[in-house]
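Structure record follows, encoded as structure tokens.
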Amino acid sequence: MSIVLGTPGGNELESLAATLAAWQQDGGPIQLHPGDLGWYSMRGPEATARALRAWSRDGELIALGLLDGPDGLLRLAVDPKLRSDESVARQLCSDISDPARGVLPDGEAIVEARGAVTLQHLLLTRGWQFDQPWTPMHRDLAAPVPDTHVTWPGLRVEVIGPDRAEAWMEVHWSAFKGTPFGEAERRGVLDWRATMMDGPFAERGRCLAAFDPDGRAVAIAGVWSSGRGRPGLVEPMGVHRDHRGKGYGAAVSEAAAAILGEMGSSSAMVCAETSNVGAVATYTAAGFTALPPESDLLRPS
């Protein structure tokens with residue numbers, strides 16, 4: 001049976017997310033998650049669909065890739081039953097390697113294909129190289145997560161709705177951009193968040209913010225469910241630049257795990273750059289366990 005590569009339409013996003021959610025497994029690799037699609041969807045559903053590449057066989061989805069950003073990064077998930085399938089790996093390798101197939105452009109590119117060992121091997125034989133390592137982090141949610149008010153006295157963590165969106169986005173901007181948060185930036189990020197939370201993945205996500213004793217928003221996190229009994233994702237997590245070094249990142253990460261538990265997730269997971277020792281330490285302080293690092297694959301320019 002031949003494998004077909006295609007770009008889905010915006011009306012297929014919820015169905016694709018449901019299949020992607022079913023592929024999430026405790027003890028398995030942290031591969032492309034419905035939450036990654038949810039976070040990307042701040043660009044709108046049609047743009048999200050255009051960034052996806054779907055491989056199917058006999059009408060059934062077997063792999064899904066997200067072209068995440070303009071820098072030639074493909075984030076991939078493969079049906080767990082087929083990660084060692086030679087024919088699937090060869091077709092994926094061929095499509096990824098040939099710019100004419102419309103997956104990745106010519107020149108430098110990165111593929112995130114955690115757990116797809118056969119595909120990784122084939123790409124390496126074509127001259128791809130291991131790129132920077134990432135550390136998967138995991139927290140089991142079989143036992144209740146301690147109350148944040150108890151473990152982090154004086155800190156208040158809330159699920160943020162539209163009325164508090166500006167505070168959430170301001171902390172996010174400070175954490176990841178670090179440039180002045182002017183009126184143009186304010187309008188832009190509020191529009192992005194509104195688009196995301198009105199989109200096809202909104203029911204899977206929650207936005208959290210931690211407030212210090214003076215009522216200032218100091219840290220944020222996003223959480224995404226893949227359904228009851230399956231791993232949930234923390235994406236993103238950040239601390240305002242003026243309030244780092246006080247344990248707020250660990251506090252909001254622990255609260256994020258608690259919210260995922262309330263949503264029915266079996267575990268909470270996140271991946272941090274191994275070189276970012278501060279991020280790894282933050283998640284460890286929040287009760288996450290660091291697993292052996294895994295590397296993306298790089299095709300040099």
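In the structure tokens, each chain is lettered A, B, ... as it comes, each chain's residues begin at 1, and ligands are numbered from 1 in order of appearance.
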### Task
List the neighbours of Ala165 (chain A) out to 10 Å using only C-alpha atoms; skip same-chain residues closer than 3 positions along the sequence, and give me the result as an MDAnalysis selection string.
chainID A and resid 160:162 168:170 189:190 193:194 207:209
### Query
Could you pull out all residues of region 127-225 of chain A with a DSSP call of strand (DSSP E) and give them as a ChimeraX atom specification?
/A:129-140,156-159,205-211,217-224
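Taking CA of Gly10 (chain A) and CA of Ser41 (chain A) as the two end points, the separation is 10.7 Å.
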### Task
Provide the CA of Gln31 (chain A) to CA of Leu92 (chain A) distance in Å, to one decimal place.
15.6 Å
### Query
Of the candidates A:Pro144, A:Gly44, A:Gly229, A:Pro99, which one gets nearest to Ala255 (chain A) if we count only C-alpha atoms?
A:Pro144
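Around Tyr40 (chain A), within 9 Å and counting only C-alpha atoms, the residues found are Gly35, Ala47, Thr48, Asp68 and Met196 of chain A, once anything fewer than 5 positions away on its own chain is removed.
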